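Participant: Please find final_33.cif (mmCIF, C-alpha atoms and all ligand atoms) on the next line:
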```cif
data_my_file
#
loop_
_atom_site.label_atom_id
_atom_site.label_comp_id
_atom_site.auth_asym_id
_atom_site.auth_seq_id
_atom_site.Cartn_x
_atom_site.Cartn_y
_atom_site.Cartn_z
CA MET A 251 -38.00 3.51 0.66
CA THR A 252 -35.58 5.40 2.87
CA MET A 253 -31.88 4.80 2.50
CA PRO A 254 -29.50 5.13 5.42
CA LEU A 255 -27.76 8.47 5.02
CA CYS A 256 -24.49 7.39 6.61
CA CYS A 257 -23.23 5.33 3.64
CA PRO A 258 -22.89 5.92 -0.13
CA SER A 259 -25.56 4.28 -2.28
CA GLY A 260 -24.66 0.65 -2.96
CA HIS A 261 -22.06 0.51 -0.19
CA GLY A 262 -21.80 0.04 3.56
CA CYS A 263 -25.30 0.04 5.06
CA ASN A 264 -26.66 0.31 1.49
CA ALA A 265 -24.69 -2.66 0.13
CA PRO A 266 -27.02 -5.22 -1.51
CA GLY A 267 -25.35 -8.09 0.37
CA GLY A 268 -25.33 -6.14 3.61
CA ASN A 269 -21.86 -7.36 4.52
CA GLU A 270 -19.92 -4.12 4.17
CA PRO A 271 -18.86 -2.07 7.19
CA CYS A 272 -20.64 1.20 7.85
CA ALA A 273 -18.79 4.29 6.62
CA LEU A 274 -19.26 5.82 10.05
CA ALA A 275 -17.46 2.89 11.67
CA LEU A 276 -14.59 3.26 9.21
CA CYS A 277 -14.41 7.00 9.88
CA ARG A 278 -14.48 6.45 13.63
CA ALA A 279 -11.63 3.94 13.38
CA ALA A 280 -9.54 6.25 11.18
CA ALA A 281 -10.42 9.59 12.79
CA ARG A 282 -7.09 9.85 14.58
CA ASP A 283 -5.03 9.41 11.40
CA GLU A 284 -7.33 10.97 8.80
CA GLU A 285 -8.47 14.55 9.08
CA ASP A 286 -11.34 13.94 6.65
CA ALA A 287 -12.53 10.97 8.67
CA ALA A 288 -12.64 13.09 11.82
CA LEU A 289 -14.42 15.82 9.87
CA ALA A 290 -16.99 13.37 8.52
CA GLN A 291 -17.64 12.15 12.05
CA SER A 292 -18.27 15.62 13.42
CA ARG A 293 -20.44 16.54 10.43
CA TRP A 294 -22.53 13.43 11.01
CA GLY A 295 -23.10 14.63 14.55
CA ALA A 296 -24.17 18.02 13.19
CA LEU A 297 -26.54 16.36 10.72
CA GLU A 298 -28.15 14.29 13.45
CA ALA A 299 -28.58 17.39 15.59
CA ALA A 300 -30.17 19.38 12.75
CA SER A 301 -33.96 19.34 12.76
CA GLU A 302 -34.88 21.99 10.20
CA GLN A 303 -35.41 20.57 6.69
CA ARG A 304 -33.18 23.02 4.86
CA GLU A 305 -30.42 22.73 7.42
CA ARG A 306 -30.56 18.95 7.25
CA ARG A 307 -30.13 19.03 3.49
CA PHE A 308 -27.15 21.37 3.83
CA ARG A 309 -25.59 19.30 6.64
CA ARG A 310 -26.18 16.11 4.71
CA ARG A 311 -24.27 17.40 1.69
CA ALA A 312 -21.44 18.63 3.89
CA PHE A 313 -21.27 15.24 5.58
CA GLU A 314 -21.32 13.34 2.28
CA ARG A 315 -18.45 15.43 0.91
CA ALA A 316 -16.29 14.77 3.97
CA ARG A 317 -17.27 11.10 4.08
CA ASP A 318 -16.45 10.49 0.43
CA ARG A 319 -13.09 12.25 0.80
CA ALA A 320 -12.36 10.17 3.89
CA LEU A 321 -13.27 6.90 2.17
CA ILE A 322 -11.07 7.78 -0.81
CA ALA A 323 -8.22 8.78 1.49
CA LEU A 324 -8.53 5.49 3.37
CA ALA A 325 -8.47 3.46 0.17
CA MET A 326 -5.50 5.39 -1.22
CA THR A 327 -3.55 5.31 2.03
CA ARG A 328 -4.04 1.62 2.34
CA SER A 329 -2.85 0.90 -1.22
CA ASP A 330 0.02 3.35 -0.66
CA ARG A 331 1.13 1.30 2.34
CA VAL A 332 1.06 -1.86 0.25
CA THR A 333 3.14 -0.20 -2.47
CA ALA A 334 5.61 1.09 0.11
CA ALA A 335 5.99 -2.39 1.57
CA ARG A 336 6.57 -3.82 -1.89
CA ARG A 337 9.14 -1.12 -2.60
CA ARG A 338 10.92 -1.87 0.65
CA VAL A 339 11.19 -5.54 -0.30
CA SER A 340 12.58 -4.88 -3.77
CA ARG A 341 14.86 -2.02 -2.67
CA ARG A 342 17.21 -4.24 -0.69
CA PRO A 343 18.73 -6.26 -3.55
CA ARG A 344 18.86 -3.13 -5.72
CA SER A 345 20.86 -1.12 -3.17
CA ARG A 346 23.21 -4.08 -2.65
CA SER A 347 23.98 -4.28 -6.36
CA GLY A 348 24.33 -0.49 -6.40
CA ARG A 349 26.95 -0.67 -3.69
CA ALA A 350 28.70 -3.50 -5.51
CA LEU A 351 28.88 -1.38 -8.64
CA ALA A 352 30.27 1.57 -6.71
CA ALA A 353 32.97 -0.55 -5.03
ZN ZN B 1 -23.74 3.25 7.31
#
```
Since I need it in another form, could you write the structure as structure tokens?
Ligand SMILES: [Zn+2]
Facilitator:
Amino acid sequence: MTMPLCCPSGHGCNAPGGNEPCALALCRAAARDEEDAALAQSRWGALEAASEQRERRFRRRAFERARDRALIALAMTRSDRVTAARRRVSRRPRSRSGRALAA
């Protein structure tokens, strides 16, 4: 059984339900904002271009490292944005009471 190389085992193209987006699609969408996503994309291209067995193995590992970093970065950035939005909402009343105390 051959597993698609583009996605981590159990996720994306390898998800049991098959309803997860491909890691390559995520990287392509984020390549402009995430350096690792752009790197993963270019390393995937290099892997596809490689024909020699040993080179493929090396390129595959390089791609997987960049892809995993990109996926982590995307998950962290997204949750960071949520936290920032929450902070923005709760900051307003706090700064108002701060000003009231100072006055
Ligand atoms: Zn995939």
Participant: At what distance in Å, to one decimal, does atom CA of Glu302 of chain A lie from atom CA of Cys272 of chain A?
Facilitator: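 Interatomic distance here is 25.3 Å.
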Participant: Give me the residues within 12 Å of Ala281 of chain A as a ChimeraX atom specification, counting all atoms listed in the file and dropping any in the same chain fewer than 5 places off.
Facilitator: /A:273-276,286-292,316-317,320-321,323-324
Participant: Kindly compile the residues surrounding ligand ZN 1 (chain B) within 12 Å, counting only C-alpha atoms and all ligand atoms, and format them as a list in words.
Facilitator: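 The neighbouring residues of ligand ZN 1 (chain B) are, in order, Met253, Pro254, Leu255, Cys256, Cys257, Pro258, Ser259, Gly260, His261, Gly262, Cys263, Asn264, Ala265, Gly268, Asn269, Glu270, Pro271, Cys272, Ala273, Leu274, Ala275, Leu276, Cys277, Arg278, Gln291, Trp294, Glu314 and Arg317 of chain A.
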Participant: Closest to Ile322 of chain A among A:Arg310, A:Gly267, A:Glu284, A:Ser301, using only C-alpha atoms?
Facilitator: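 Closest residue, counting only C-alpha atoms: A:Glu284.
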Participant: Work out how far atom CA of Glu285 of chain A is from atom CA of Thr252 of chain A, in Å to one decimal.
Facilitator: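 If I compute the distance from atom CA of Thr252 of chain A to atom CA of Glu285 of chain A, I get 29.3 Å.
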Participant: Need the axis-aligned box for segment 324-329 of chain A with 5 Å each side, so what are the centre and edges in Å to one decimal, as lines of an AutoDock Vina configuration file?
Facilitator:
```
center_x = -5.7
center_y = 3.2
center_z = 1.1
size_x = 15.7
size_y = 14.6
size_z = 14.6
```
Participant: Could you tell me how far atom CA of Pro266 of chain A lies from atom CA of Leu297 of chain A, in Å and to one decimal?
Facilitator: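 The value is 24.8 Å.
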Participant: From the list A:Arg293, A:Ala280, A:Thr327, A:Glu298, which residue is nearest Arg311 of chain A when using only C-alpha atoms?
Facilitator: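 Under the stated criterion, the closest residue is A:Arg293.
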Participant: Rebuild N, CA and C atoms on segment 300-324 of chain A, as a CSV table (one decimal), keeping the file's coordinate frame?
Facilitator:
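Final output, saved to rebuild-v3.csv:
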```csv
chain,number,residue,atom,x,y,z
A,300,ALA,N,-29.4,18.4,13.5
A,300,ALA,CA,-30.2,19.4,12.8
A,300,ALA,C,-31.6,18.9,12.6
A,301,SER,N,-32.6,19.8,12.8
A,301,SER,CA,-34.0,19.3,12.8
A,301,SER,C,-34.7,20.0,11.6
A,302,GLU,N,-34.2,21.2,11.3
A,302,GLU,CA,-34.9,22.0,10.2
A,302,GLU,C,-34.5,21.4,8.8
A,303,GLN,N,-35.6,21.3,8.0
A,303,GLN,CA,-35.4,20.6,6.7
A,303,GLN,C,-34.3,21.1,5.8
A,304,ARG,N,-34.2,22.4,5.7
A,304,ARG,CA,-33.2,23.0,4.9
A,304,ARG,C,-31.8,22.8,5.5
A,305,GLU,N,-31.7,22.9,6.8
A,305,GLU,CA,-30.4,22.7,7.4
A,305,GLU,C,-30.0,21.3,7.3
A,306,ARG,N,-30.9,20.4,7.4
A,306,ARG,CA,-30.6,19.0,7.2
A,306,ARG,C,-30.0,18.7,5.9
A,307,ARG,N,-30.6,19.3,4.8
A,307,ARG,CA,-30.1,19.0,3.5
A,307,ARG,C,-28.7,19.6,3.3
A,308,PHE,N,-28.5,20.8,3.9
A,308,PHE,CA,-27.2,21.4,3.8
A,308,PHE,C,-26.1,20.5,4.6
A,309,ARG,N,-26.5,20.1,5.8
A,309,ARG,CA,-25.6,19.3,6.6
A,309,ARG,C,-25.3,17.9,6.0
A,310,ARG,N,-26.3,17.4,5.3
A,310,ARG,CA,-26.2,16.1,4.7
A,310,ARG,C,-25.1,16.2,3.6
A,311,ARG,N,-25.2,17.2,2.8
A,311,ARG,CA,-24.3,17.4,1.7
A,311,ARG,C,-22.9,17.6,2.2
A,312,ALA,N,-22.8,18.4,3.3
A,312,ALA,CA,-21.4,18.6,3.9
A,312,ALA,C,-20.9,17.3,4.4
A,313,PHE,N,-21.7,16.5,5.1
A,313,PHE,CA,-21.3,15.2,5.6
A,313,PHE,C,-20.8,14.3,4.5
A,314,GLU,N,-21.6,14.2,3.4
A,314,GLU,CA,-21.3,13.3,2.3
A,314,GLU,C,-20.0,13.7,1.6
A,315,ARG,N,-19.7,15.0,1.5
A,315,ARG,CA,-18.4,15.4,0.9
A,315,ARG,C,-17.3,14.9,1.8
A,316,ALA,N,-17.4,15.2,3.1
A,316,ALA,CA,-16.3,14.8,4.0
A,316,ALA,C,-16.2,13.3,4.0
A,317,ARG,N,-17.3,12.6,4.0
A,317,ARG,CA,-17.3,11.1,4.1
A,317,ARG,C,-16.6,10.5,2.8
A,318,ASP,N,-17.0,11.0,1.7
A,318,ASP,CA,-16.4,10.5,0.4
A,318,ASP,C,-14.9,10.8,0.4
A,319,ARG,N,-14.5,11.9,0.8
A,319,ARG,CA,-13.1,12.2,0.8
A,319,ARG,C,-12.4,11.3,1.8
A,320,ALA,N,-13.0,11.0,2.9
A,320,ALA,CA,-12.4,10.2,3.9
A,320,ALA,C,-12.2,8.7,3.3
A,321,LEU,N,-13.3,8.3,2.7
A,321,LEU,CA,-13.3,6.9,2.2
A,321,LEU,C,-12.2,6.8,1.1
A,322,ILE,N,-12.1,7.8,0.2
A,322,ILE,CA,-11.1,7.8,-0.8
A,322,ILE,C,-9.7,7.8,-0.2
A,323,ALA,N,-9.5,8.7,0.8
A,323,ALA,CA,-8.2,8.8,1.5
A,323,ALA,C,-7.8,7.5,2.1
A,324,LEU,N,-8.8,6.8,2.7
A,324,LEU,CA,-8.5,5.5,3.4
A,324,LEU,C,-8.1,4.5,2.3
```
